[in-house]
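Structure file data_19.cif with mmCIF, C-alpha atoms:
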```cif
data_model
loop_
_atom_site.label_atom_id
_atom_site.label_comp_id
_atom_site.auth_asym_id
_atom_site.auth_seq_id
_atom_site.Cartn_x
_atom_site.Cartn_y
_atom_site.Cartn_z
CA MET V 1 -309.10 -137.85 -76.82
CA ILE V 2 -310.48 -136.82 -80.26
CA LYS V 3 -311.99 -139.54 -82.42
CA CYS V 4 -313.75 -139.46 -85.81
CA VAL V 5 -317.00 -141.41 -86.35
CA HIS V 6 -319.47 -141.62 -89.25
CA ARG V 7 -323.16 -140.84 -88.69
CA ASP V 8 -325.52 -141.12 -91.65
CA GLY V 9 -322.57 -140.94 -94.01
CA VAL V 10 -321.22 -137.80 -92.41
CA ARG V 11 -317.84 -137.72 -90.72
CA VAL V 12 -318.12 -136.25 -87.22
CA ARG V 13 -315.37 -135.35 -84.69
CA CYS V 14 -316.23 -136.13 -81.07
CA CYS V 15 -314.40 -136.02 -77.75
CA ARG V 16 -314.15 -138.85 -75.30
CA PRO V 17 -312.51 -138.61 -71.91
CA ASP V 18 -308.94 -139.74 -71.84
CA PRO V 19 -308.40 -142.13 -68.89
CA CYS V 20 -304.98 -140.55 -68.36
CA PHE V 21 -306.52 -137.10 -67.72
CA PRO V 22 -309.35 -136.89 -65.12
CA SER V 23 -312.40 -134.83 -66.02
CA GLU V 24 -313.48 -131.69 -64.14
CA ARG V 25 -316.30 -133.70 -62.58
CA ALA V 26 -313.79 -136.24 -61.24
CA LYS V 27 -311.63 -133.40 -59.88
CA ARG V 28 -314.62 -131.87 -58.06
CA ARG V 29 -315.56 -135.27 -56.64
CA LYS V 30 -312.01 -135.72 -55.32
CA ARG V 31 -312.00 -132.28 -53.68
CA ARG V 32 -315.32 -132.94 -51.96
CA ALA V 33 -313.96 -136.22 -50.62
CA SER V 34 -310.98 -134.40 -49.11
CA GLY V 35 -313.22 -131.84 -47.40
CA CYS V 36 -312.20 -128.85 -49.55
CA THR V 37 -314.27 -127.26 -52.27
CA LEU V 38 -313.61 -124.60 -54.84
CA THR V 39 -316.14 -121.88 -55.54
CA PRO V 40 -316.02 -119.40 -58.40
CA GLY V 41 -314.54 -116.04 -57.52
CA ARG V 42 -315.47 -112.64 -58.88
CA SER V 43 -312.99 -112.95 -61.71
CA GLY V 44 -314.29 -116.39 -62.64
CA THR V 45 -311.31 -118.21 -61.13
CA ALA V 46 -311.78 -120.86 -58.46
CA VAL V 47 -311.05 -119.98 -54.83
CA GLU V 48 -310.81 -122.15 -51.71
CA ASP V 49 -313.94 -122.50 -49.57
CA TRP V 50 -312.44 -121.82 -46.11
CA GLY V 51 -315.54 -123.11 -44.37
CA ASN V 52 -314.77 -126.64 -45.58
CA LEU V 53 -311.15 -126.85 -44.47
CA PRO V 54 -310.39 -130.07 -42.57
CA HIS V 55 -310.70 -129.85 -38.80
CA HIS V 56 -307.01 -130.51 -38.19
CA VAL V 57 -306.03 -127.60 -40.47
CA VAL V 58 -308.39 -125.16 -38.74
CA LEU V 59 -307.15 -126.41 -35.35
CA GLN V 60 -303.57 -125.68 -36.38
CA ILE V 61 -304.57 -122.13 -37.39
CA PHE V 62 -306.53 -121.54 -34.18
CA GLN V 63 -303.54 -122.55 -32.04
CA HIS V 64 -301.63 -119.54 -33.37
CA LEU V 65 -304.41 -117.03 -32.65
CA SER V 66 -305.03 -114.99 -29.52
CA LEU V 67 -308.13 -115.86 -27.53
CA VAL V 68 -310.05 -112.84 -28.84
CA ASP V 69 -309.21 -113.61 -32.48
CA ARG V 70 -309.99 -117.27 -31.91
CA ALA V 71 -313.41 -116.38 -30.51
CA ARG V 72 -314.13 -114.11 -33.49
CA ALA V 73 -313.05 -116.79 -35.93
CA SER V 74 -315.37 -119.31 -34.27
CA SER V 75 -318.36 -117.22 -35.38
CA VAL V 76 -317.50 -117.60 -39.09
CA CYS V 77 -319.35 -120.89 -39.51
CA ARG V 78 -320.55 -123.96 -37.65
CA ARG V 79 -317.49 -126.06 -38.56
CA TRP V 80 -315.12 -123.45 -37.17
CA ASN V 81 -317.22 -123.17 -34.03
CA ASP V 82 -316.92 -126.94 -33.58
CA VAL V 83 -313.13 -126.64 -33.78
CA PHE V 84 -313.23 -123.81 -31.22
CA HIS V 85 -314.51 -126.32 -28.63
CA ILE V 86 -312.09 -129.16 -29.40
CA PRO V 87 -310.36 -130.11 -26.09
CA ASP V 88 -306.88 -130.04 -27.66
CA LEU V 89 -307.28 -126.30 -28.21
CA TRP V 90 -307.67 -125.70 -24.48
CA ARG V 91 -304.79 -127.72 -23.09
CA ARG V 92 -302.58 -124.60 -22.89
CA PHE V 93 -303.95 -121.21 -21.89
CA GLU V 94 -302.70 -117.89 -20.47
CA PHE V 95 -305.09 -115.62 -18.60
CA GLU V 96 -304.12 -111.97 -19.02
CA LEU V 97 -305.56 -109.80 -16.27
CA ASN V 98 -304.91 -106.07 -16.51
CA GLN V 99 -306.72 -102.96 -15.31
CA PRO V 100 -307.39 -100.38 -18.08
CA ALA V 101 -306.44 -97.50 -15.77
CA THR V 102 -302.92 -98.82 -15.14
CA SER V 103 -302.02 -100.99 -18.13
CA TYR V 104 -302.15 -100.67 -21.91
CA LEU V 105 -302.06 -104.46 -22.33
CA ARG V 106 -305.18 -106.25 -23.50
CA SER V 107 -307.00 -108.24 -20.83
CA THR V 108 -308.90 -111.49 -21.26
CA HIS V 109 -312.59 -110.56 -21.46
CA PRO V 110 -314.64 -111.61 -18.37
CA ASP V 111 -317.29 -113.28 -20.57
CA LEU V 112 -314.66 -115.41 -22.24
CA ILE V 113 -313.19 -116.33 -18.87
CA GLN V 114 -316.56 -117.59 -17.67
CA GLN V 115 -317.05 -119.55 -20.87
CA ILE V 116 -313.64 -121.16 -20.40
CA ILE V 117 -314.40 -122.09 -16.78
CA LYS V 118 -317.83 -123.45 -17.70
CA LYS V 119 -316.93 -125.46 -20.81
CA HIS V 120 -313.19 -126.08 -20.80
CA ALA V 121 -311.90 -126.17 -17.21
CA GLN V 122 -311.54 -129.96 -17.40
CA HIS V 123 -309.36 -129.61 -20.51
CA LEU V 124 -306.85 -127.12 -19.07
CA GLN V 125 -303.41 -128.59 -18.45
CA TYR V 126 -300.80 -125.85 -18.98
CA VAL V 127 -302.08 -122.70 -17.32
CA SER V 128 -300.50 -119.35 -16.53
CA PHE V 129 -301.79 -116.07 -15.14
CA LYS V 130 -300.17 -112.82 -16.21
CA VAL V 131 -301.24 -109.88 -14.02
CA ASP V 132 -300.28 -106.20 -13.89
CA SER V 133 -299.38 -104.16 -10.82
CA CYS V 134 -302.97 -103.79 -9.54
CA THR V 135 -304.19 -105.81 -6.60
CA GLU V 136 -307.55 -106.20 -8.39
CA SER V 137 -305.86 -108.19 -11.16
CA ALA V 138 -304.18 -110.54 -8.70
CA GLU V 139 -307.47 -111.01 -6.84
CA ALA V 140 -309.20 -111.82 -10.13
CA ALA V 141 -306.56 -114.49 -10.77
CA CYS V 142 -307.27 -115.99 -7.35
CA ASP V 143 -311.00 -116.00 -8.08
CA ILE V 144 -310.39 -117.97 -11.29
CA LEU V 145 -308.08 -120.42 -9.52
CA SER V 146 -310.80 -121.05 -6.92
CA GLN V 147 -313.16 -122.21 -9.70
CA LEU V 148 -310.79 -124.74 -11.27
CA VAL V 149 -312.20 -127.66 -9.32
CA ASN V 150 -312.59 -130.10 -12.23
CA CYS V 151 -309.17 -129.70 -13.76
CA THR V 152 -306.04 -131.79 -14.23
CA ILE V 153 -303.47 -129.00 -14.46
CA LYS V 154 -299.88 -130.10 -15.11
CA THR V 155 -298.11 -126.73 -15.12
CA LEU V 156 -299.09 -123.56 -13.28
CA GLY V 157 -297.44 -120.16 -13.54
CA LEU V 158 -298.32 -116.95 -11.68
CA ILE V 159 -296.53 -114.04 -13.33
CA SER V 160 -296.45 -110.41 -12.18
CA THR V 161 -295.49 -108.21 -15.13
CA ALA V 162 -294.68 -105.20 -12.93
CA ARG V 163 -294.42 -105.11 -9.15
CA PRO V 164 -295.45 -108.31 -7.26
CA SER V 165 -299.19 -107.65 -6.99
CA PHE V 166 -299.94 -111.11 -5.58
CA MET V 167 -298.23 -110.00 -2.38
CA ASP V 168 -301.00 -107.45 -1.86
CA VAL V 169 -303.72 -110.09 -1.91
CA SER V 170 -305.02 -111.42 1.38
CA GLN V 171 -302.85 -114.42 2.26
CA SER V 172 -305.89 -116.50 3.20
CA HIS V 173 -307.53 -115.72 -0.16
CA PHE V 174 -304.40 -116.63 -2.10
CA VAL V 175 -303.66 -119.83 -0.17
CA SER V 176 -307.29 -120.96 -0.41
CA ALA V 177 -307.28 -120.49 -4.20
CA LEU V 178 -303.93 -122.22 -4.66
CA THR V 179 -305.02 -125.14 -2.48
CA VAL V 180 -307.98 -125.79 -4.81
CA VAL V 181 -305.56 -126.45 -7.65
CA PHE V 182 -303.12 -128.44 -5.50
CA VAL V 183 -305.89 -130.74 -4.25
CA ASN V 184 -307.76 -131.28 -7.51
CA SER V 185 -304.98 -131.54 -10.08
CA LYS V 186 -303.14 -134.62 -8.69
CA SER V 187 -300.55 -134.42 -11.52
CA LEU V 188 -298.76 -131.08 -11.19
CA SER V 189 -295.27 -131.27 -12.66
CA SER V 190 -294.24 -127.60 -12.90
CA ILE V 191 -295.11 -124.68 -10.58
CA LYS V 192 -293.84 -121.11 -10.86
CA ILE V 193 -295.11 -119.03 -7.94
CA ASP V 194 -292.40 -116.39 -7.41
CA ASP V 195 -293.35 -113.29 -5.40
CA THR V 196 -296.46 -114.80 -3.83
CA PRO V 197 -297.72 -115.32 -0.24
CA VAL V 198 -297.57 -119.13 -0.49
CA ASP V 199 -296.84 -120.69 2.92
CA ASP V 200 -295.71 -123.94 4.55
CA PRO V 201 -299.22 -125.47 5.00
CA SER V 202 -300.05 -124.98 1.32
CA LEU V 203 -296.74 -126.63 0.34
CA LYS V 204 -297.72 -129.62 2.49
CA VAL V 205 -300.97 -129.85 0.53
CA LEU V 206 -298.97 -129.71 -2.69
CA VAL V 207 -296.72 -132.55 -1.53
CA ALA V 208 -299.63 -134.67 -0.29
CA ASN V 209 -301.32 -134.61 -3.69
CA ASN V 210 -298.52 -134.23 -6.24
CA SER V 211 -295.33 -135.72 -4.76
CA ASP V 212 -294.99 -138.33 -7.53
CA THR V 213 -295.24 -135.86 -10.42
CA LEU V 214 -293.60 -132.59 -9.29
CA LYS V 215 -290.43 -131.89 -11.30
CA LEU V 216 -290.03 -128.09 -11.22
CA LEU V 217 -290.69 -125.60 -8.42
CA LYS V 218 -289.82 -121.90 -8.67
CA MET V 219 -290.67 -119.88 -5.60
CA SER V 220 -288.20 -117.04 -5.17
CA SER V 221 -289.27 -114.17 -2.91
CA CYS V 222 -291.90 -116.09 -0.98
CA PRO V 223 -291.45 -114.68 2.57
CA HIS V 224 -294.04 -116.92 4.25
CA VAL V 225 -292.17 -120.13 3.43
CA SER V 226 -289.63 -121.39 5.97
CA PRO V 227 -286.61 -123.68 5.51
CA ALA V 228 -288.72 -126.46 7.04
CA GLY V 229 -291.41 -125.93 4.41
CA ILE V 230 -289.07 -126.30 1.44
CA LEU V 231 -287.32 -129.21 3.16
CA CYS V 232 -290.67 -131.01 3.28
CA VAL V 233 -290.91 -130.68 -0.51
CA ALA V 234 -287.38 -132.03 -1.06
CA ASP V 235 -287.97 -134.94 1.33
CA GLN V 236 -291.14 -136.11 -0.40
CA CYS V 237 -290.84 -135.05 -4.07
CA HIS V 238 -288.06 -137.37 -5.23
CA GLY V 239 -288.62 -136.48 -8.89
CA LEU V 240 -287.81 -132.79 -8.40
CA ARG V 241 -285.28 -131.73 -11.06
CA GLU V 242 -285.39 -127.91 -10.93
CA LEU V 243 -285.68 -125.67 -7.88
CA ALA V 244 -285.53 -121.88 -7.50
CA LEU V 245 -285.61 -120.21 -4.08
CA ASN V 246 -284.14 -117.46 -1.92
CA TYR V 247 -280.93 -117.99 0.00
CA HIS V 248 -282.65 -117.83 3.39
CA LEU V 249 -284.42 -121.11 2.49
CA LEU V 250 -281.17 -122.86 1.59
CA SER V 251 -279.77 -125.13 4.28
CA ASP V 252 -277.37 -128.02 4.71
CA GLU V 253 -280.37 -130.26 5.39
CA LEU V 254 -281.99 -129.25 2.11
CA LEU V 255 -278.87 -130.02 0.07
CA LEU V 256 -278.52 -133.40 1.77
CA ALA V 257 -282.19 -134.20 1.08
CA LEU V 258 -281.66 -133.38 -2.60
CA SER V 259 -278.63 -135.70 -2.51
CA SER V 260 -280.39 -138.76 -1.11
CA GLU V 261 -280.36 -142.05 -3.02
CA LYS V 262 -284.13 -141.86 -3.54
CA HIS V 263 -283.90 -138.48 -5.25
CA VAL V 264 -283.37 -138.12 -9.00
CA HIS V 265 -280.40 -136.11 -10.22
CA LEU V 266 -281.02 -132.41 -9.73
CA GLU V 267 -280.52 -130.47 -12.98
CA HIS V 268 -280.93 -126.82 -11.99
CA LEU V 269 -280.72 -125.01 -8.65
CA ARG V 270 -281.26 -121.23 -8.68
CA ILE V 271 -280.54 -119.21 -5.55
CA ASP V 272 -281.40 -115.52 -5.17
CA VAL V 273 -279.28 -113.74 -2.56
CA VAL V 274 -281.04 -110.44 -1.92
CA SER V 275 -280.70 -107.67 0.65
CA GLU V 276 -283.13 -104.77 0.58
CA ASN V 277 -281.51 -102.76 3.37
CA LEU V 278 -277.95 -102.91 4.61
CA GLY V 279 -277.57 -104.76 7.88
CA GLN V 280 -281.15 -106.05 8.16
CA THR V 281 -280.43 -109.54 6.82
CA GLN V 282 -277.99 -112.02 8.35
CA PHE V 283 -276.58 -114.54 5.86
CA HIS V 284 -275.53 -117.98 7.03
CA THR V 285 -272.81 -120.23 5.61
CA ILE V 286 -273.43 -123.53 3.84
CA LYS V 287 -270.94 -126.30 4.67
CA ARG V 288 -268.55 -127.42 1.98
CA SER V 289 -269.50 -131.06 2.71
CA SER V 290 -273.14 -130.33 1.88
CA TRP V 291 -272.20 -128.83 -1.50
CA GLU V 292 -269.93 -131.79 -2.21
CA ALA V 293 -272.72 -134.25 -1.41
CA LEU V 294 -275.00 -132.53 -3.91
CA VAL V 295 -272.40 -132.56 -6.69
CA ARG V 296 -271.52 -136.21 -6.04
CA HIS V 297 -275.17 -137.13 -6.41
CA SER V 298 -275.88 -134.75 -9.34
CA PRO V 299 -272.54 -134.12 -11.09
CA LYS V 300 -274.12 -132.17 -13.95
CA VAL V 301 -276.25 -129.84 -11.82
CA ASN V 302 -276.26 -126.14 -12.73
CA ILE V 303 -276.06 -124.00 -9.60
CA VAL V 304 -277.03 -120.42 -10.40
CA MET V 305 -276.65 -117.60 -7.88
CA TYR V 306 -277.97 -114.04 -8.29
CA PHE V 307 -276.46 -111.55 -5.84
CA PHE V 308 -278.06 -108.23 -4.93
CA LEU V 309 -276.04 -107.38 -1.83
CA TYR V 310 -274.06 -104.50 -0.43
CA GLU V 311 -270.27 -104.93 -0.37
CA GLU V 312 -270.22 -105.34 3.41
CA GLU V 313 -272.57 -108.36 3.24
CA PHE V 314 -270.45 -110.73 1.12
CA GLU V 315 -268.35 -112.05 4.01
CA PRO V 316 -270.08 -115.47 4.39
CA PHE V 317 -269.74 -116.38 0.71
CA PHE V 318 -267.03 -118.29 -1.19
CA CYS V 319 -264.68 -118.64 1.77
CA GLU V 320 -264.50 -122.34 0.85
CA GLU V 321 -264.87 -124.18 -2.43
CA THR V 322 -268.40 -123.71 -3.80
CA PRO V 323 -269.67 -125.62 -6.86
CA VAL V 324 -271.55 -122.66 -8.37
CA THR V 325 -271.73 -122.64 -12.19
CA HIS V 326 -273.38 -119.29 -12.97
CA LEU V 327 -272.79 -116.07 -11.02
CA TYR V 328 -274.56 -112.74 -11.48
CA PHE V 329 -273.73 -109.67 -9.40
CA GLY V 330 -276.38 -106.97 -9.71
CA ARG V 331 -274.64 -104.51 -7.38
CA THR V 332 -271.05 -103.51 -6.73
CA VAL V 333 -268.80 -106.43 -5.80
CA SER V 334 -265.31 -106.00 -4.36
CA LYS V 335 -261.96 -107.09 -5.79
CA GLU V 336 -261.56 -109.36 -2.79
CA MET V 337 -264.78 -111.20 -3.59
CA LEU V 338 -263.78 -111.68 -7.24
CA GLY V 339 -260.45 -113.01 -5.98
CA ARG V 340 -262.28 -115.58 -3.85
CA ILE V 341 -264.29 -116.65 -6.88
CA GLY V 342 -261.09 -117.33 -8.78
CA LEU V 343 -259.85 -119.49 -5.89
CA ASN V 344 -263.01 -121.33 -4.84
CA CYS V 345 -265.36 -121.66 -7.84
CA PRO V 346 -263.71 -124.21 -10.16
CA ARG V 347 -267.04 -125.20 -11.82
CA LEU V 348 -267.83 -121.63 -12.91
CA VAL V 349 -269.31 -121.42 -16.42
CA GLU V 350 -270.69 -117.88 -16.56
CA LEU V 351 -269.83 -114.67 -14.69
CA VAL V 352 -271.58 -111.30 -14.93
CA VAL V 353 -270.34 -108.30 -12.93
CA CYS V 354 -272.51 -105.21 -13.35
CA ALA V 355 -270.27 -102.95 -11.24
CA ASN V 356 -266.98 -103.07 -9.36
CA GLY V 357 -265.28 -99.74 -8.92
CA LEU V 358 -262.23 -97.88 -10.15
CA GLU V 359 -259.53 -100.45 -9.42
CA PRO V 360 -258.41 -102.61 -12.41
CA LEU V 361 -259.45 -106.27 -12.20
CA ASP V 362 -256.51 -107.69 -14.15
CA GLU V 363 -255.22 -110.05 -11.45
CA GLU V 364 -258.70 -111.29 -10.54
CA LEU V 365 -259.65 -112.07 -14.14
CA ILE V 366 -256.38 -113.88 -14.81
CA ARG V 367 -256.88 -115.98 -11.68
CA ILE V 368 -260.41 -116.85 -12.83
CA ALA V 369 -259.05 -117.85 -16.25
CA GLU V 370 -256.44 -120.09 -14.57
CA ARG V 371 -258.76 -121.84 -12.12
CA CYS V 372 -262.16 -121.84 -13.84
CA LYS V 373 -261.48 -124.16 -16.76
CA SER V 374 -265.17 -124.41 -17.70
CA LEU V 375 -265.72 -120.65 -18.04
CA THR V 376 -267.45 -119.93 -21.37
CA ALA V 377 -269.22 -116.60 -20.78
CA ILE V 378 -268.37 -113.33 -19.04
CA GLY V 379 -269.96 -109.89 -18.90
CA LEU V 380 -268.46 -106.76 -17.34
CA GLY V 381 -270.28 -103.46 -16.79
CA GLU V 382 -269.03 -100.59 -14.63
CA CYS V 383 -265.57 -102.04 -14.02
CA GLU V 384 -262.01 -101.34 -15.15
CA VAL V 385 -259.55 -103.68 -16.87
CA THR V 386 -256.36 -102.69 -18.67
CA CYS V 387 -256.20 -103.68 -22.32
CA SER V 388 -253.11 -105.80 -21.66
CA GLY V 389 -254.78 -107.61 -18.76
CA PHE V 390 -257.89 -108.24 -20.83
CA VAL V 391 -255.90 -109.65 -23.76
CA GLU V 392 -254.05 -111.96 -21.36
CA PHE V 393 -257.38 -113.15 -19.91
CA VAL V 394 -258.79 -113.88 -23.36
CA LYS V 395 -255.56 -115.60 -24.43
CA MET V 396 -255.76 -117.94 -21.44
CA CYS V 397 -259.45 -118.76 -22.04
CA GLY V 398 -259.11 -119.07 -25.80
CA GLY V 399 -261.94 -120.13 -28.06
CA ARG V 400 -263.99 -121.59 -25.20
CA LEU V 401 -265.36 -118.08 -24.53
CA THR V 402 -268.59 -118.28 -26.51
CA GLN V 403 -269.96 -115.09 -24.92
CA LEU V 404 -267.76 -112.07 -24.21
CA SER V 405 -269.76 -108.96 -23.39
CA ILE V 406 -267.50 -106.12 -22.27
CA MET V 407 -268.55 -102.49 -22.21
CA GLU V 408 -266.18 -100.22 -24.16
CA GLU V 409 -265.56 -97.93 -21.18
CA VAL V 410 -264.34 -100.91 -19.11
CA LEU V 411 -261.13 -101.20 -21.13
CA ILE V 412 -258.22 -98.88 -20.22
CA PRO V 413 -255.67 -98.29 -23.01
CA ASP V 414 -252.05 -98.85 -21.97
CA SER V 415 -248.57 -98.97 -23.52
CA SER V 416 -249.30 -102.29 -25.27
CA TYR V 417 -252.74 -101.76 -26.77
CA ASN V 418 -255.04 -98.89 -27.64
CA MET V 419 -258.76 -99.09 -28.45
CA GLU V 420 -258.10 -99.47 -32.19
CA GLN V 421 -255.84 -102.48 -31.62
CA ILE V 422 -257.79 -104.29 -28.90
CA HIS V 423 -260.56 -105.73 -31.06
CA SER V 424 -258.19 -107.33 -33.60
CA GLU V 425 -255.99 -108.84 -30.87
CA VAL V 426 -258.97 -110.26 -28.97
CA SER V 427 -260.54 -111.51 -32.22
CA LYS V 428 -257.33 -113.40 -33.02
CA HIS V 429 -257.41 -115.32 -29.72
CA LEU V 430 -261.16 -115.97 -29.87
CA GLY V 431 -261.01 -117.22 -33.45
CA ARG V 432 -263.87 -114.92 -34.48
CA MET V 433 -264.61 -111.24 -34.94
CA TRP V 434 -265.14 -109.35 -31.66
CA PHE V 435 -265.85 -105.75 -30.69
CA PRO V 436 -266.56 -104.13 -27.30
CA ASP V 437 -270.23 -103.50 -26.52
CA MET V 438 -271.75 -100.04 -26.54
CA MET V 439 -274.42 -101.09 -24.05
CA PRO V 440 -275.01 -104.10 -21.75
CA THR V 441 -276.31 -107.24 -23.47
CA TRP V 442 -276.87 -109.43 -20.39
#
```
Would you mind writing the file out in structure tokens?
Amino acid sequence: MIKCVHRDGVRVRCCRPDPCFPSERAKRRKRRASGCTLTPGRSGTAVEDWGNLPHHVVLQIFQHLSLVDRARASSVCRRWNDVFHIPDLWRRFEFELNQPATSYLRSTHPDLIQQIIKKHAQHLQYVSFKVDSCTESAEAACDILSQLVNCTIKTLGLISTARPSFMDVSQSHFVSALTVVFVNSKSLSSIKIDDTPVDDPSLKVLVANNSDTLKLLKMSSCPHVSPAGILCVADQCHGLRELALNYHLLSDELLLALSSEKHVHLEHLRIDVVSENLGQTQFHTIKRSSWEALVRHSPKVNIVMYFFLYEEEFEPFFCEETPVTHLYFGRTVSKEMLGRIGLNCPRLVELVVCANGLEPLDEELIRIAERCKSLTAIGLGECEVTCSGFVEFVKMCGGRLTQLSIMEEVLIPDSSYNMEQIHSEVSKHLGRMWFPDMMPTW
């Protein structure tokens, strides 16, 4: 505000602060109160003083950094170093353990690992270990697990990025390390230990200490676990909502245990049906009544089955109605088996067939469209379907097919449709633009 005053008979113009416009001093005072300051830059303009950012802002930035970058950032100033040690920053952590000779991936530095164990083990809650194909990496993961004695881990994941290196570790070493976590955590809710030498006694320790909190257990390809071992988990962990295991662990008793009144509704059951060598594995049959009991108790359960079998080994499957919702065939599957699926899998939602042979699957697909009213996704690889048969299948399914992944070489032109016409006809029945795939997308 400009005002004129008279001093010794002389008219003088002076400036007084306008209450509607804060002064620079007031602005600086406000910035200091908020924790941020501006310092003059080289060009004379003001720039943000990053060292005075509020803790919660720095914490948000740190949560998006890798461990190495986070450690480097912590050396910028004392305030940032304080944020580096805030417990919230260490709730979730992934240990990456790779050997330079066999992996190009960056590994968590040993010094940082020791610092984490020494200062932040009690803060860890969501922990995973990602290891390469070397046994040394898996052994290092076990060594770290053995030191987590003052932790309250809620989720634990052991991930092999290449071949299952945990299987090369001494079973006693692995079980001893895993038991440390099972005994000390007391609140485990999610465990992913696929391709590991976990055994029945260690599962009993898990149940004894975490039965009230366990909700998810994934343990496919764990050869040292027996049907009795997994049954013990189902009997005691009534809050279990998701379970993944190999078919040899599946039993009528297990399904009935998951269907008991004490048990919560199961949401997801994944079953891997795998045969490494033809004729070496005998596959049993699950009773229809056991499946029905599970679906009565958990009507919305997703039952996912991955098949890696030889054609001769499919005999025990789908002879009776089976409430599977998602089916994936990684090897060749016969026309007869696909016919059974159309007859006995009314809850089917998704079907992926990587290979079939040189006989058209028109009749089988049409039967699946007729009987599987919930089917929304299908993928076909090395198979054959006539264009007319495929159009009929799509017409019967209609717009409910949200995913339709069909390799171009699967479709056989006939007298009704050629390859130029097929995409427009299918698009019309789907209600959206569709083209065959040039490569698998599943």
Expansion of the PyMOL selection byres ((chain V and resi 151) around 10) into residues, as a ChimeraX atom specification
/V:117,120-125,147-150,152-154,180-181,184-186
Output C-alpha atoms of each residue in that selection to a file, as a PDB file, in the coordinates of the input.
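And here is the file that came out, again.pdb:
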```
ATOM      1  CA  ILE V 117    -314.400-122.090 -16.780  1.00  0.00           C
ATOM      2  CA  HIS V 120    -313.190-126.080 -20.800  1.00  0.00           C
ATOM      3  CA  ALA V 121    -311.900-126.170 -17.210  1.00  0.00           C
ATOM      4  CA  GLN V 122    -311.540-129.960 -17.400  1.00  0.00           C
ATOM      5  CA  HIS V 123    -309.360-129.610 -20.510  1.00  0.00           C
ATOM      6  CA  LEU V 124    -306.850-127.120 -19.070  1.00  0.00           C
ATOM      7  CA  GLN V 125    -303.410-128.590 -18.450  1.00  0.00           C
ATOM      8  CA  GLN V 147    -313.160-122.210  -9.700  1.00  0.00           C
ATOM      9  CA  LEU V 148    -310.790-124.740 -11.270  1.00  0.00           C
ATOM     10  CA  VAL V 149    -312.200-127.660  -9.320  1.00  0.00           C
ATOM     11  CA  ASN V 150    -312.590-130.100 -12.230  1.00  0.00           C
ATOM     12  CA  THR V 152    -306.040-131.790 -14.230  1.00  0.00           C
ATOM     13  CA  ILE V 153    -303.470-129.000 -14.460  1.00  0.00           C
ATOM     14  CA  LYS V 154    -299.880-130.100 -15.110  1.00  0.00           C
ATOM     15  CA  VAL V 180    -307.980-125.790  -4.810  1.00  0.00           C
ATOM     16  CA  VAL V 181    -305.560-126.450  -7.650  1.00  0.00           C
ATOM     17  CA  ASN V 184    -307.760-131.280  -7.510  1.00  0.00           C
ATOM     18  CA  SER V 185    -304.980-131.540 -10.080  1.00  0.00           C
ATOM     19  CA  LYS V 186    -303.140-134.620  -8.690  1.00  0.00           C
TER      20      LYS V 186
END
```
Which one of V:Ser415, V:Asn277, V:Ser220, V:Thr376 sits closest to V:Met396 if you count only C-alpha atoms?
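Checking each candidate against V:Met396, we get V:Thr376 as the closest.
The residues returned by the PyMOL selection byres ((chain V and resi 403) around 7) for this structure are Thr376, Ala377, Ile378, Leu401, Thr402, Leu404 and Ser405 of chain V.
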Could you give me, as a list in words, the residues that have an atom at most 12 Å away from the point (-305.6, -108.6, 1.9) in the coordinates of the file, using all atoms listed in the file?
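All residues meeting the 12 Å criterion around (-305.6, -108.6, 1.9) are Thr135, Glu136, Ala138, Glu139, Cys142, Ser165, Phe166, Met167, Asp168, Val169, Ser170, Gln171, Ser172, His173, Phe174, Val175 and Pro197 of chain V.
When all atoms listed in the file are used to compute distances to V:Ser388, the closest of the residues V:Val426, V:Val352, V:Phe283, V:Ile368 turns out to be V:Val426.
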